[in-house]
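Novice: Dumping the structure here so I can ask a few things about it.
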Amino acid sequence: MNLSIVIPVYNEEESLPHLHAALCTALAALPHAWEVIYVNDGSRDRSMQVLERLALEDPQHVCVVEFRRNFGQTTAIAAGIDHAQGEVIVFLDADLQNDPADIPMLLEKLQEGYDVVSGWRKSREDNALTRNLPSHIANWLISNVTGVHLHDYGCTLKAYRREVITGFRLYGEMHRFIPVYASAVGAKIYEMPVRHHARKFGKSKYGLERTIKVVLDLIAVQFLTRYAAKPIYLFGGGGFLMGILGALGMVFLLARKLLFEIDILTSPIFTLSVLLTLLGFQTILLGLIAELLVRTYHESQQKPTYTVRKVIRAGQEEKSAQAPLL
Ligand code: UDP
Ligand code: MG
């Protein structure tokens with residue numbers, strides 16, 4: 001098994017030497033060949049100089065990818081995946097909050113047959129009010145909405161089999177949803193508690209505003225993983241419901257007029273019913289347009305609508321190379 005460690009780096013000059021030393025110690029005892037890919041995400045401090053030194057001192061293990069400017073953690077992770085050569089890819093933060101000593105434990109679980117082993121910062125060393133509380137709420141929400149039940153999406157320390165993370169592309173701030181995408185591609189996921197340390201050097205790059213982005217990303221991810229191949233089910237379902245409610249309102253008004261001579265046009269229910277019927281009709285039309293778009297989306301890029309683990313033909317096992325699903 002070959003191992004690639006992917007580490008996004010943004011202004012972490014003090015942490016990097018400690019991090020690399022800790023990585024070497026943690027991985028030295030393992031029988032696997034390994035590489036670490038540091039993606040310098042446009043750091044403004046001396047991180048790049050430190051990384052260049054590490055690359056000189058340990059050329060066998062270190063690969064450095066330097067961005068021309070700051071593109072964000074998700075994009076840095078995506079670039080790390082693109083440059084990784086291992087069959088197994090482990091993500092790690094550069095700030096020493098995750099502990100490289102946990103990696104062997106994750107790999108062991110992976111070898112039991114899981115495709116994803118997800119770290120869970122069970123006793124998390126961040127600010128309780130501004131970081132841990134919003135994170136708890138976000139995790140609860142993501143877990144219940146997506147049906148991929150994890151306690152900690154935000155923890156970067158996670159190990160993946162390569163096949164399950166090359167099936168989709170990452171946009172925006174979506175690295176925390178990688179397990180959801182992996183699950184959509186058909187991965188078996190296991191979650192285990194990992195260590196977490198308070199930040200020693202530098203400072204966190206995020207604040208509370210991230211919570212809003214997480215909720216918006218959740219809606220997008222949910223739409224993509226559930227309805228990307230069949231949007232009419234979502235739009236059509238909503239449209240039908242509105243149409244039926246509108247029709248029921250009309251029937252009610254008509255019955256009232258016939259039985260009790262109550263005026264239809266002056267009732268607020270009339271306005272509501274007309275609105276619902278029109279909106280329902282519009283929403284179904286939107287669904288049809290979405291269906292057209294989905295066909296262009298899948299067919300112009302030869303995206304499959306399914307994922308295959310393996311094919312057995314004439315008694316031989318074939319690994320099927322596939323274009324990304326999402
Ligand atoms: N990071 C990055 N680009 C950014 C912001 C952060 O590569 O624009 C890296 C950062 O160097 C660290 C990881 O992403 O390795 C997590 O960032 P941070 O520790 O600030 O997040 P927190 O742990 O506070 O959630
Ligand atoms: Mg951190």
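Following the order of the structure tokens, first chain is A, next is B, and so on, with residues numbered from 1 inside each chain and ligands from 1 in the order they appear.
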Using only C-alpha atoms and all ligand atoms, find each residue in chain A having at least one atom no more than 7 Å away from ligand 1; report its shortest atom-to-atom pair and that distance in Å (one decimal), rows by chain then rising number, as JSON lines.

Specialist:
```
{"residue": "A:Ile7", "atom": "CA", "partner": "ligand 1", "partner_atom_place_in_ligand_line": "15 (O)", "distance": 6.4}
{"residue": "A:Pro8", "atom": "CA", "partner": "ligand 1", "partner_atom_place_in_ligand_line": "7 (O)", "distance": 4.0}
{"residue": "A:Val9", "atom": "CA", "partner": "ligand 1", "partner_atom_place_in_ligand_line": "11 (O)", "distance": 3.8}
{"residue": "A:Tyr10", "atom": "CA", "partner": "ligand 1", "partner_atom_place_in_ligand_line": "11 (O)", "distance": 3.7}
{"residue": "A:Asn11", "atom": "CA", "partner": "ligand 1", "partner_atom_place_in_ligand_line": "11 (O)", "distance": 6.0}
{"residue": "A:Glu12", "atom": "CA", "partner": "ligand 1", "partner_atom_place_in_ligand_line": "11 (O)", "distance": 5.8}
{"residue": "A:Asn40", "atom": "CA", "partner": "ligand 1", "partner_atom_place_in_ligand_line": "7 (O)", "distance": 6.8}
{"residue": "A:Asp41", "atom": "CA", "partner": "ligand 1", "partner_atom_place_in_ligand_line": "7 (O)", "distance": 5.0}
{"residue": "A:Asn70", "atom": "CA", "partner": "ligand 1", "partner_atom_place_in_ligand_line": "8 (O)", "distance": 6.0}
{"residue": "A:Phe71", "atom": "CA", "partner": "ligand 1", "partner_atom_place_in_ligand_line": "8 (O)", "distance": 6.3}
{"residue": "A:Gly72", "atom": "CA", "partner": "ligand 1", "partner_atom_place_in_ligand_line": "8 (O)", "distance": 3.6}
{"residue": "A:Gln73", "atom": "CA", "partner": "ligand 1", "partner_atom_place_in_ligand_line": "3 (N)", "distance": 3.8}
{"residue": "A:Ala76", "atom": "CA", "partner": "ligand 1", "partner_atom_place_in_ligand_line": "7 (O)", "distance": 5.8}
{"residue": "A:Asp93", "atom": "CA", "partner": "ligand 1", "partner_atom_place_in_ligand_line": "15 (O)", "distance": 3.8}
{"residue": "A:Ala94", "atom": "CA", "partner": "ligand 1", "partner_atom_place_in_ligand_line": "15 (O)", "distance": 3.6}
{"residue": "A:Asp95", "atom": "CA", "partner": "ligand 1", "partner_atom_place_in_ligand_line": "15 (O)", "distance": 5.2}
{"residue": "A:Gln97", "atom": "CA", "partner": "ligand 1", "partner_atom_place_in_ligand_line": "23 (O)", "distance": 6.8}
{"residue": "A:Lys203", "atom": "CA", "partner": "ligand 1", "partner_atom_place_in_ligand_line": "20 (O)", "distance": 6.4}
{"residue": "A:Ser204", "atom": "CA", "partner": "ligand 1", "partner_atom_place_in_ligand_line": "20 (O)", "distance": 3.4}
{"residue": "A:Lys205", "atom": "CA", "partner": "ligand 1", "partner_atom_place_in_ligand_line": "20 (O)", "distance": 3.7}
{"residue": "A:Tyr206", "atom": "CA", "partner": "ligand 1", "partner_atom_place_in_ligand_line": "20 (O)", "distance": 5.6}
```

Novice: Excluding stretch 285-296 of chain A and its own-chain neighbours fewer than 4 positions away, which residues fall within 9 Å of it when counting only C-alpha atoms? Please give them as a CSV table (one decimal) with N, CA, C and O atoms, in the first residue's frame.

Specialist:
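Written out: around_20.csv:
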```csv
chain,number,residue,atom,x,y,z
A,228,ALA,N,-29.2,15.1,-8.7
A,228,ALA,CA,-28.4,15.6,-9.9
A,228,ALA,C,-28.9,14.8,-11.1
A,228,ALA,O,-28.8,15.3,-12.2
A,229,ALA,N,-29.3,13.5,-10.9
A,229,ALA,CA,-29.7,12.8,-12.1
A,229,ALA,C,-31.2,12.9,-12.4
A,229,ALA,O,-31.7,12.4,-13.4
A,230,LYS,N,-32.0,13.4,-11.4
A,230,LYS,CA,-33.4,13.4,-11.5
A,230,LYS,C,-34.0,14.6,-10.9
A,230,LYS,O,-34.8,14.4,-9.9
A,231,PRO,N,-33.7,15.8,-11.3
A,231,PRO,CA,-34.2,17.0,-10.6
A,231,PRO,C,-35.7,17.1,-10.7
A,231,PRO,O,-36.3,17.8,-9.8
A,232,ILE,N,-36.4,16.5,-11.7
A,232,ILE,CA,-37.8,16.7,-11.8
A,232,ILE,C,-38.5,16.1,-10.6
A,232,ILE,O,-39.6,16.5,-10.2
A,233,TYR,N,-37.9,15.1,-9.9
A,233,TYR,CA,-38.5,14.5,-8.7
A,233,TYR,C,-38.6,15.6,-7.6
A,233,TYR,O,-39.6,15.6,-6.8
A,234,LEU,N,-37.6,16.4,-7.5
A,234,LEU,CA,-37.6,17.4,-6.4
A,234,LEU,C,-38.6,18.6,-6.8
A,234,LEU,O,-39.5,18.9,-6.1
A,235,PHE,N,-38.4,19.1,-8.0
A,235,PHE,CA,-39.2,20.3,-8.4
A,235,PHE,C,-40.6,19.8,-8.7
A,235,PHE,O,-41.6,20.5,-8.3
A,236,GLY,N,-40.8,18.7,-9.3
A,236,GLY,CA,-42.1,18.1,-9.7
A,236,GLY,C,-42.9,17.8,-8.4
A,236,GLY,O,-44.1,18.1,-8.3
A,239,GLY,N,-43.9,21.1,-6.9
A,239,GLY,CA,-44.9,21.7,-7.8
A,239,GLY,C,-46.3,21.0,-7.6
A,239,GLY,O,-47.3,21.7,-7.5
A,280,GLY,N,-47.1,26.2,-8.4
A,280,GLY,CA,-47.0,24.8,-8.7
A,280,GLY,C,-46.6,24.5,-10.1
A,280,GLY,O,-45.7,23.8,-10.5
A,281,PHE,N,-47.4,25.1,-11.0
A,281,PHE,CA,-47.2,25.0,-12.5
A,281,PHE,C,-45.8,25.4,-12.8
A,281,PHE,O,-45.0,24.7,-13.5
A,300,SER,N,-22.4,16.2,-21.9
A,300,SER,CA,-21.3,16.9,-22.5
A,300,SER,C,-19.9,16.6,-21.8
A,300,SER,O,-18.9,16.7,-22.4
A,301,GLN,N,-20.0,16.0,-20.6
A,301,GLN,CA,-18.7,15.7,-20.0
A,301,GLN,C,-18.6,14.2,-19.8
A,301,GLN,O,-17.7,13.7,-19.0
```

Novice: Could you tell me which of A:Gly80, A:Leu326, A:His197, A:Val251 comes closest to A:Arg226 if we count only C-alpha atoms?

Specialist: A:Leu326

Novice: With only C-alpha atoms as the counted atoms, please give the residues lying no more than 10 Å from A:Thr225, apart from itself and same-chain residues fewer than 2 positions off, as an MDAnalysis selection string.

Specialist: chainID A and resid 146 180:185 220:223 227:229 325:326

Novice: From stretch 134-196 of chain A, collect each residue whose DSSP state is strand (DSSP E) and return the set as a count of residues only.

Specialist: 10

Novice: If I take atom CA of A:Cys63 and atom CA of A:His83, how far is one from the other in Å, to one decimal?

Specialist: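 A separation of 8.6 Å between them.
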
Novice: With only C-alpha atoms as the basis for distance, which of A:Leu157, A:Ala198, A:Leu253, A:Val36 is at the shortest distance from A:Met105?

Specialist: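 Closest to A:Met105 of all the choices is A:Leu157.
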
Novice: Using only C-alpha atoms, determine which residues lie at most 12 Å from A:Leu107, disregarding the query and same-chain residues fewer than 3 positions distant; provide the list as a short mmCIF file (atom, residue, chain, number, x, y, z; two decimals) with N, CA and C atoms, in the first residue's frame.

Specialist:
```
data_model
loop_
_atom_site.label_atom_id
_atom_site.label_comp_id
_atom_site.auth_asym_id
_atom_site.auth_seq_id
_atom_site.Cartn_x
_atom_site.Cartn_y
_atom_site.Cartn_z
N MET A 1 0.84 -1.20 0.00
CA MET A 1 0.00 0.00 0.00
C MET A 1 0.88 1.25 0.00
N ASN A 2 0.58 2.17 -0.92
CA ASN A 2 1.27 3.46 -0.91
C ASN A 2 0.40 4.50 -0.27
N LEU A 3 1.05 5.42 0.42
CA LEU A 3 0.32 6.37 1.24
C LEU A 3 0.68 7.79 0.84
N SER A 4 -0.33 8.64 0.65
CA SER A 4 -0.08 10.07 0.41
C SER A 4 -0.75 10.87 1.51
N ILE A 5 0.02 11.76 2.14
CA ILE A 5 -0.56 12.65 3.14
C ILE A 5 -0.72 14.02 2.48
N ALA A 26 5.84 9.27 13.14
CA ALA A 26 4.63 8.45 13.13
C ALA A 26 4.67 7.41 12.01
N LEU A 27 5.28 7.78 10.86
CA LEU A 27 5.20 6.90 9.69
C LEU A 27 6.40 5.98 9.53
N LEU A 30 5.87 2.28 9.96
CA LEU A 30 4.92 1.59 9.08
C LEU A 30 5.63 0.92 7.90
N PRO A 31 5.09 -0.19 7.42
CA PRO A 31 5.73 -0.89 6.29
C PRO A 31 5.44 -0.24 4.93
N HIS A 32 4.62 0.83 4.91
CA HIS A 32 4.20 1.39 3.62
C HIS A 32 5.15 2.47 3.12
N GLU A 87 -2.29 4.97 -3.06
CA GLU A 87 -3.60 4.33 -3.14
C GLU A 87 -4.48 4.80 -2.01
N VAL A 88 -3.82 5.22 -0.93
CA VAL A 88 -4.56 5.74 0.22
C VAL A 88 -4.15 7.19 0.43
N ILE A 89 -5.14 8.05 0.65
CA ILE A 89 -4.85 9.47 0.85
C ILE A 89 -5.36 9.91 2.22
N VAL A 90 -4.47 10.50 3.01
CA VAL A 90 -4.84 10.97 4.34
C VAL A 90 -4.75 12.49 4.35
N PRO A 100 -0.34 13.57 13.94
CA PRO A 100 0.11 12.56 12.96
C PRO A 100 0.21 11.17 13.57
N ALA A 101 0.39 11.10 14.90
CA ALA A 101 0.52 9.80 15.55
C ALA A 101 -0.76 8.97 15.44
N ASP A 102 -1.87 9.61 15.04
CA ASP A 102 -3.13 8.86 14.88
C ASP A 102 -3.23 8.15 13.53
N ILE A 103 -2.36 8.52 12.59
CA ILE A 103 -2.48 7.98 11.23
C ILE A 103 -2.43 6.44 11.18
N PRO A 104 -1.45 5.80 11.87
CA PRO A 104 -1.41 4.33 11.80
C PRO A 104 -2.73 3.67 12.22
N LEU A 110 -8.76 1.10 7.94
CA LEU A 110 -8.97 1.09 6.49
C LEU A 110 -8.72 -0.30 5.92
N GLN A 111 -7.69 -0.96 6.48
CA GLN A 111 -7.33 -2.28 5.97
C GLN A 111 -8.34 -3.35 6.35
N GLU A 112 -9.20 -3.02 7.31
CA GLU A 112 -10.27 -3.96 7.64
C GLU A 112 -11.36 -3.97 6.57
N GLY A 113 -11.22 -3.11 5.58
CA GLY A 113 -12.16 -3.13 4.47
C GLY A 113 -13.00 -1.88 4.30
N TYR A 114 -12.70 -0.85 5.08
CA TYR A 114 -13.44 0.40 4.90
C TYR A 114 -12.80 1.24 3.79
N ASP A 115 -13.59 2.12 3.19
CA ASP A 115 -13.08 3.00 2.14
C ASP A 115 -12.72 4.36 2.71
N VAL A 116 -13.39 4.73 3.82
CA VAL A 116 -13.13 6.01 4.47
C VAL A 116 -13.03 5.77 5.98
N VAL A 117 -11.97 6.28 6.61
CA VAL A 117 -11.95 6.28 8.07
C VAL A 117 -11.86 7.74 8.50
N SER A 118 -12.90 8.18 9.20
CA SER A 118 -13.08 9.59 9.47
C SER A 118 -12.72 9.92 10.91
N GLY A 119 -11.84 10.91 11.09
CA GLY A 119 -11.45 11.32 12.44
C GLY A 119 -12.56 12.12 13.13
N LEU A 157 -8.52 15.41 9.69
CA LEU A 157 -7.83 14.13 9.72
C LEU A 157 -8.77 12.99 9.33
N LYS A 158 -8.66 12.56 8.07
CA LYS A 158 -9.47 11.45 7.58
C LYS A 158 -8.65 10.68 6.55
N ALA A 159 -8.88 9.36 6.47
CA ALA A 159 -8.15 8.54 5.50
C ALA A 159 -9.12 7.99 4.46
N TYR A 160 -8.71 8.06 3.20
CA TYR A 160 -9.58 7.63 2.10
C TYR A 160 -8.84 6.69 1.16
N ARG A 161 -9.56 5.70 0.64
CA ARG A 161 -9.05 4.98 -0.52
C ARG A 161 -9.21 5.88 -1.72
N TYR A 190 -16.18 4.56 8.25
CA TYR A 190 -16.06 4.28 9.68
C TYR A 190 -15.54 5.54 10.37
N MET A 192 -13.82 7.23 13.83
CA MET A 192 -13.15 6.91 15.10
C MET A 192 -12.58 8.17 15.76
#
```

Novice: Would you mind telling me which residue in A:Val64, A:Ala187, A:Leu216, A:Cys155 lies nearest to ligand 2 when using only C-alpha atoms and all ligand atoms?

Specialist: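 Residue with the minimum atom-to-atom distance to ligand 2: A:Cys155.
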
Novice: Please provide as a PDB file with N, CA, C and O atoms, in the first residue's frame all residues within 12 Å of A:Ser135, with the sequence filter that same-chain residues fewer than 3 positions apart are discarded (counting only C-alpha atoms).

Specialist:
```pdb
ATOM      1  N   ARG A 121     -12.974  14.626  16.454  1.00  0.00           N
ATOM      2  CA  ARG A 121     -12.318  15.333  17.567  1.00  0.00           C
ATOM      3  C   ARG A 121     -13.243  15.272  18.769  1.00  0.00           C
ATOM      4  O   ARG A 121     -13.976  16.207  19.048  1.00  0.00           O
ATOM      5  N   ARG A 124     -12.479  18.286  21.842  1.00  0.00           N
ATOM      6  CA  ARG A 124     -11.916  19.280  20.946  1.00  0.00           C
ATOM      7  C   ARG A 124     -11.386  20.475  21.710  1.00  0.00           C
ATOM      8  O   ARG A 124     -12.039  20.996  22.602  1.00  0.00           O
ATOM      9  N   ASP A 126     -10.883  23.767  21.078  1.00  0.00           N
ATOM     10  CA  ASP A 126     -11.096  25.081  20.474  1.00  0.00           C
ATOM     11  C   ASP A 126     -12.058  25.856  21.353  1.00  0.00           C
ATOM     12  O   ASP A 126     -12.620  25.309  22.296  1.00  0.00           O
ATOM     13  N   ASN A 127     -12.292  27.115  21.035  1.00  0.00           N
ATOM     14  CA  ASN A 127     -13.216  27.933  21.811  1.00  0.00           C
ATOM     15  C   ASN A 127     -14.610  27.309  21.828  1.00  0.00           C
ATOM     16  O   ASN A 127     -15.182  27.006  20.784  1.00  0.00           O
ATOM     17  N   ALA A 128     -15.151  27.104  23.035  1.00  0.00           N
ATOM     18  CA  ALA A 128     -16.413  26.370  23.172  1.00  0.00           C
ATOM     19  C   ALA A 128     -17.574  27.094  22.499  1.00  0.00           C
ATOM     20  O   ALA A 128     -18.412  26.476  21.834  1.00  0.00           O
ATOM     21  N   LEU A 129     -17.617  28.425  22.672  1.00  0.00           N
ATOM     22  CA  LEU A 129     -18.788  29.171  22.214  1.00  0.00           C
ATOM     23  C   LEU A 129     -18.727  29.497  20.721  1.00  0.00           C
ATOM     24  O   LEU A 129     -19.691  29.293  19.989  1.00  0.00           O
ATOM     25  N   THR A 130     -17.563  29.990  20.251  1.00  0.00           N
ATOM     26  CA  THR A 130     -17.506  30.441  18.857  1.00  0.00           C
ATOM     27  C   THR A 130     -17.176  29.319  17.884  1.00  0.00           C
ATOM     28  O   THR A 130     -17.451  29.425  16.699  1.00  0.00           O
ATOM     29  N   ARG A 131     -16.570  28.223  18.350  1.00  0.00           N
ATOM     30  CA  ARG A 131     -16.187  27.165  17.424  1.00  0.00           C
ATOM     31  C   ARG A 131     -16.931  25.858  17.677  1.00  0.00           C
ATOM     32  O   ARG A 131     -17.541  25.302  16.780  1.00  0.00           O
ATOM     33  N   ASN A 132     -16.888  25.365  18.916  1.00  0.00           N
ATOM     34  CA  ASN A 132     -17.440  24.032  19.167  1.00  0.00           C
ATOM     35  C   ASN A 132     -18.960  23.983  19.066  1.00  0.00           C
ATOM     36  O   ASN A 132     -19.514  23.044  18.495  1.00  0.00           O
ATOM     37  N   ALA A 138     -23.848  22.327  13.274  1.00  0.00           N
ATOM     38  CA  ALA A 138     -23.626  22.012  11.860  1.00  0.00           C
ATOM     39  C   ALA A 138     -23.520  20.509  11.647  1.00  0.00           C
ATOM     40  O   ALA A 138     -24.119  19.954  10.719  1.00  0.00           O
ATOM     41  N   ASN A 139     -22.780  19.838  12.519  1.00  0.00           N
ATOM     42  CA  ASN A 139     -22.616  18.390  12.372  1.00  0.00           C
ATOM     43  C   ASN A 139     -23.943  17.648  12.515  1.00  0.00           C
ATOM     44  O   ASN A 139     -24.230  16.705  11.776  1.00  0.00           O
ATOM     45  N   TRP A 140     -24.739  18.100  13.479  1.00  0.00           N
ATOM     46  CA  TRP A 140     -26.040  17.468  13.703  1.00  0.00           C
ATOM     47  C   TRP A 140     -26.917  17.624  12.448  1.00  0.00           C
ATOM     48  O   TRP A 140     -27.527  16.677  11.972  1.00  0.00           O
ATOM     49  N   LEU A 141     -26.880  18.855  11.895  1.00  0.00           N
ATOM     50  CA  LEU A 141     -27.682  19.170  10.713  1.00  0.00           C
ATOM     51  C   LEU A 141     -27.234  18.341   9.501  1.00  0.00           C
ATOM     52  O   LEU A 141     -28.046  17.680   8.836  1.00  0.00           O
ATOM     53  N   ILE A 142     -25.936  18.348   9.245  1.00  0.00           N
ATOM     54  CA  ILE A 142     -25.416  17.630   8.078  1.00  0.00           C
ATOM     55  C   ILE A 142     -25.724  16.140   8.212  1.00  0.00           C
ATOM     56  O   ILE A 142     -26.168  15.485   7.268  1.00  0.00           O
ATOM     57  N   SER A 143     -25.499  15.619   9.425  1.00  0.00           N
ATOM     58  CA  SER A 143     -25.694  14.200   9.660  1.00  0.00           C
ATOM     59  C   SER A 143     -27.142  13.795   9.392  1.00  0.00           C
ATOM     60  O   SER A 143     -27.420  12.791   8.745  1.00  0.00           O
ATOM     61  N   HIS A 151     -20.072  12.306  13.546  1.00  0.00           N
ATOM     62  CA  HIS A 151     -20.106  13.319  14.595  1.00  0.00           C
ATOM     63  C   HIS A 151     -19.309  14.552  14.212  1.00  0.00           C
ATOM     64  O   HIS A 151     -19.504  15.621  14.756  1.00  0.00           O
ATOM     65  N   ASP A 152     -18.323  14.385  13.319  1.00  0.00           N
ATOM     66  CA  ASP A 152     -17.397  15.475  13.084  1.00  0.00           C
ATOM     67  C   ASP A 152     -16.985  15.545  11.611  1.00  0.00           C
ATOM     68  O   ASP A 152     -16.034  14.908  11.187  1.00  0.00           O
ATOM     69  N   TYR A 153     -17.725  16.350  10.840  1.00  0.00           N
ATOM     70  CA  TYR A 153     -17.373  16.531   9.431  1.00  0.00           C
ATOM     71  C   TYR A 153     -16.171  17.442   9.283  1.00  0.00           C
ATOM     72  O   TYR A 153     -15.379  17.325   8.362  1.00  0.00           O
ATOM     73  N   GLY A 154     -16.039  18.391  10.212  1.00  0.00           N
ATOM     74  CA  GLY A 154     -15.030  19.428  10.078  1.00  0.00           C
ATOM     75  C   GLY A 154     -13.615  18.962  10.354  1.00  0.00           C
ATOM     76  O   GLY A 154     -12.656  19.639   9.989  1.00  0.00           O
ATOM     77  N   CYS A 155     -13.456  17.822  11.006  1.00  0.00           N
ATOM     78  CA  CYS A 155     -12.119  17.327  11.321  1.00  0.00           C
ATOM     79  C   CYS A 155     -11.413  16.968  10.022  1.00  0.00           C
ATOM     80  O   CYS A 155     -11.910  16.176   9.237  1.00  0.00           O
ATOM     81  N   ARG A 176     -15.507  19.690   3.811  1.00  0.00           N
ATOM     82  CA  ARG A 176     -16.116  18.949   4.918  1.00  0.00           C
ATOM     83  C   ARG A 176     -17.176  17.968   4.430  1.00  0.00           C
ATOM     84  O   ARG A 176     -17.606  17.101   5.171  1.00  0.00           O
ATOM     85  N   GLY A 207     -13.834  32.176  11.118  1.00  0.00           N
ATOM     86  CA  GLY A 207     -14.653  32.688  12.205  1.00  0.00           C
ATOM     87  C   GLY A 207     -16.067  32.168  12.070  1.00  0.00           C
ATOM     88  O   GLY A 207     -16.308  31.179  11.377  1.00  0.00           O
ATOM     89  N   LEU A 208     -17.004  32.874  12.707  1.00  0.00           N
ATOM     90  CA  LEU A 208     -18.393  32.419  12.739  1.00  0.00           C
ATOM     91  C   LEU A 208     -19.063  32.427  11.370  1.00  0.00           C
ATOM     92  O   LEU A 208     -19.977  31.657  11.109  1.00  0.00           O
ATOM     93  N   GLU A 209     -18.601  33.330  10.479  1.00  0.00           N
ATOM     94  CA  GLU A 209     -19.262  33.478   9.172  1.00  0.00           C
ATOM     95  C   GLU A 209     -19.268  32.167   8.393  1.00  0.00           C
ATOM     96  O   GLU A 209     -20.062  31.971   7.481  1.00  0.00           O
ATOM     97  N   ARG A 210     -18.401  31.252   8.784  1.00  0.00           N
ATOM     98  CA  ARG A 210     -18.320  29.983   8.071  1.00  0.00           C
ATOM     99  C   ARG A 210     -19.622  29.185   8.190  1.00  0.00           C
ATOM    100  O   ARG A 210     -19.967  28.413   7.297  1.00  0.00           O
ATOM    101  N   THR A 211     -20.362  29.382   9.326  1.00  0.00           N
ATOM    102  CA  THR A 211     -21.580  28.601   9.561  1.00  0.00           C
ATOM    103  C   THR A 211     -22.598  28.777   8.423  1.00  0.00           C
ATOM    104  O   THR A 211     -23.223  27.816   7.985  1.00  0.00           O
ATOM    105  N   ILE A 212     -22.751  30.032   7.953  1.00  0.00           N
ATOM    106  CA  ILE A 212     -23.695  30.295   6.861  1.00  0.00           C
ATOM    107  C   ILE A 212     -23.295  29.520   5.613  1.00  0.00           C
ATOM    108  O   ILE A 212     -24.117  28.886   4.952  1.00  0.00           O
ATOM    109  N   VAL A 214     -21.618  26.841   5.451  1.00  0.00           N
ATOM    110  CA  VAL A 214     -21.835  25.409   5.643  1.00  0.00           C
ATOM    111  C   VAL A 214     -23.279  25.039   5.306  1.00  0.00           C
ATOM    112  O   VAL A 214     -23.543  24.049   4.633  1.00  0.00           O
ATOM    113  N   VAL A 215     -24.227  25.878   5.766  1.00  0.00           N
ATOM    114  CA  VAL A 215     -25.639  25.583   5.517  1.00  0.00           C
ATOM    115  C   VAL A 215     -25.942  25.654   4.010  1.00  0.00           C
ATOM    116  O   VAL A 215     -26.621  24.780   3.456  1.00  0.00           O
TER     117      VAL A 215
END
```

Novice: To one decimal place, how far is atom CA of A:Leu23 from atom CA of A:Asp99 in Å?

Specialist: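 Straight-line distance from atom CA of A:Leu23 to atom CA of A:Asp99 works out to 8.7 Å.
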
Novice: Provide the atom CA of A:Ala78 to atom CA of A:Asn98 distance in Å, to one decimal place.

Specialist: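 Atom-to-atom, atom CA of A:Ala78 to atom CA of A:Asn98, that is 19.2 Å.
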
Novice: Of the residues A:Phe168, A:Tyr297, A:Phe201, A:Phe177, which is the one nearest to ligand 2, using only C-alpha atoms and all ligand atoms?

Specialist: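 Answer, going by the shortest atom-to-atom distance: A:Phe201.
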
Novice: Would you please extract all alpha helix (DSSP H) residues from stretch 256-311 of chain A, as assigned by DSSP on the backbone, and give them as a ChimeraX atom specification?

Specialist: /A:256-260,268-300

Novice: With distances taken over only C-alpha atoms and all ligand atoms, which residue among A:Pro304, A:Gly238, A:Pro324, A:Gly202 lies nearest ligand 2?

Specialist: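 Under the stated criterion, the closest residue is A:Gly202.
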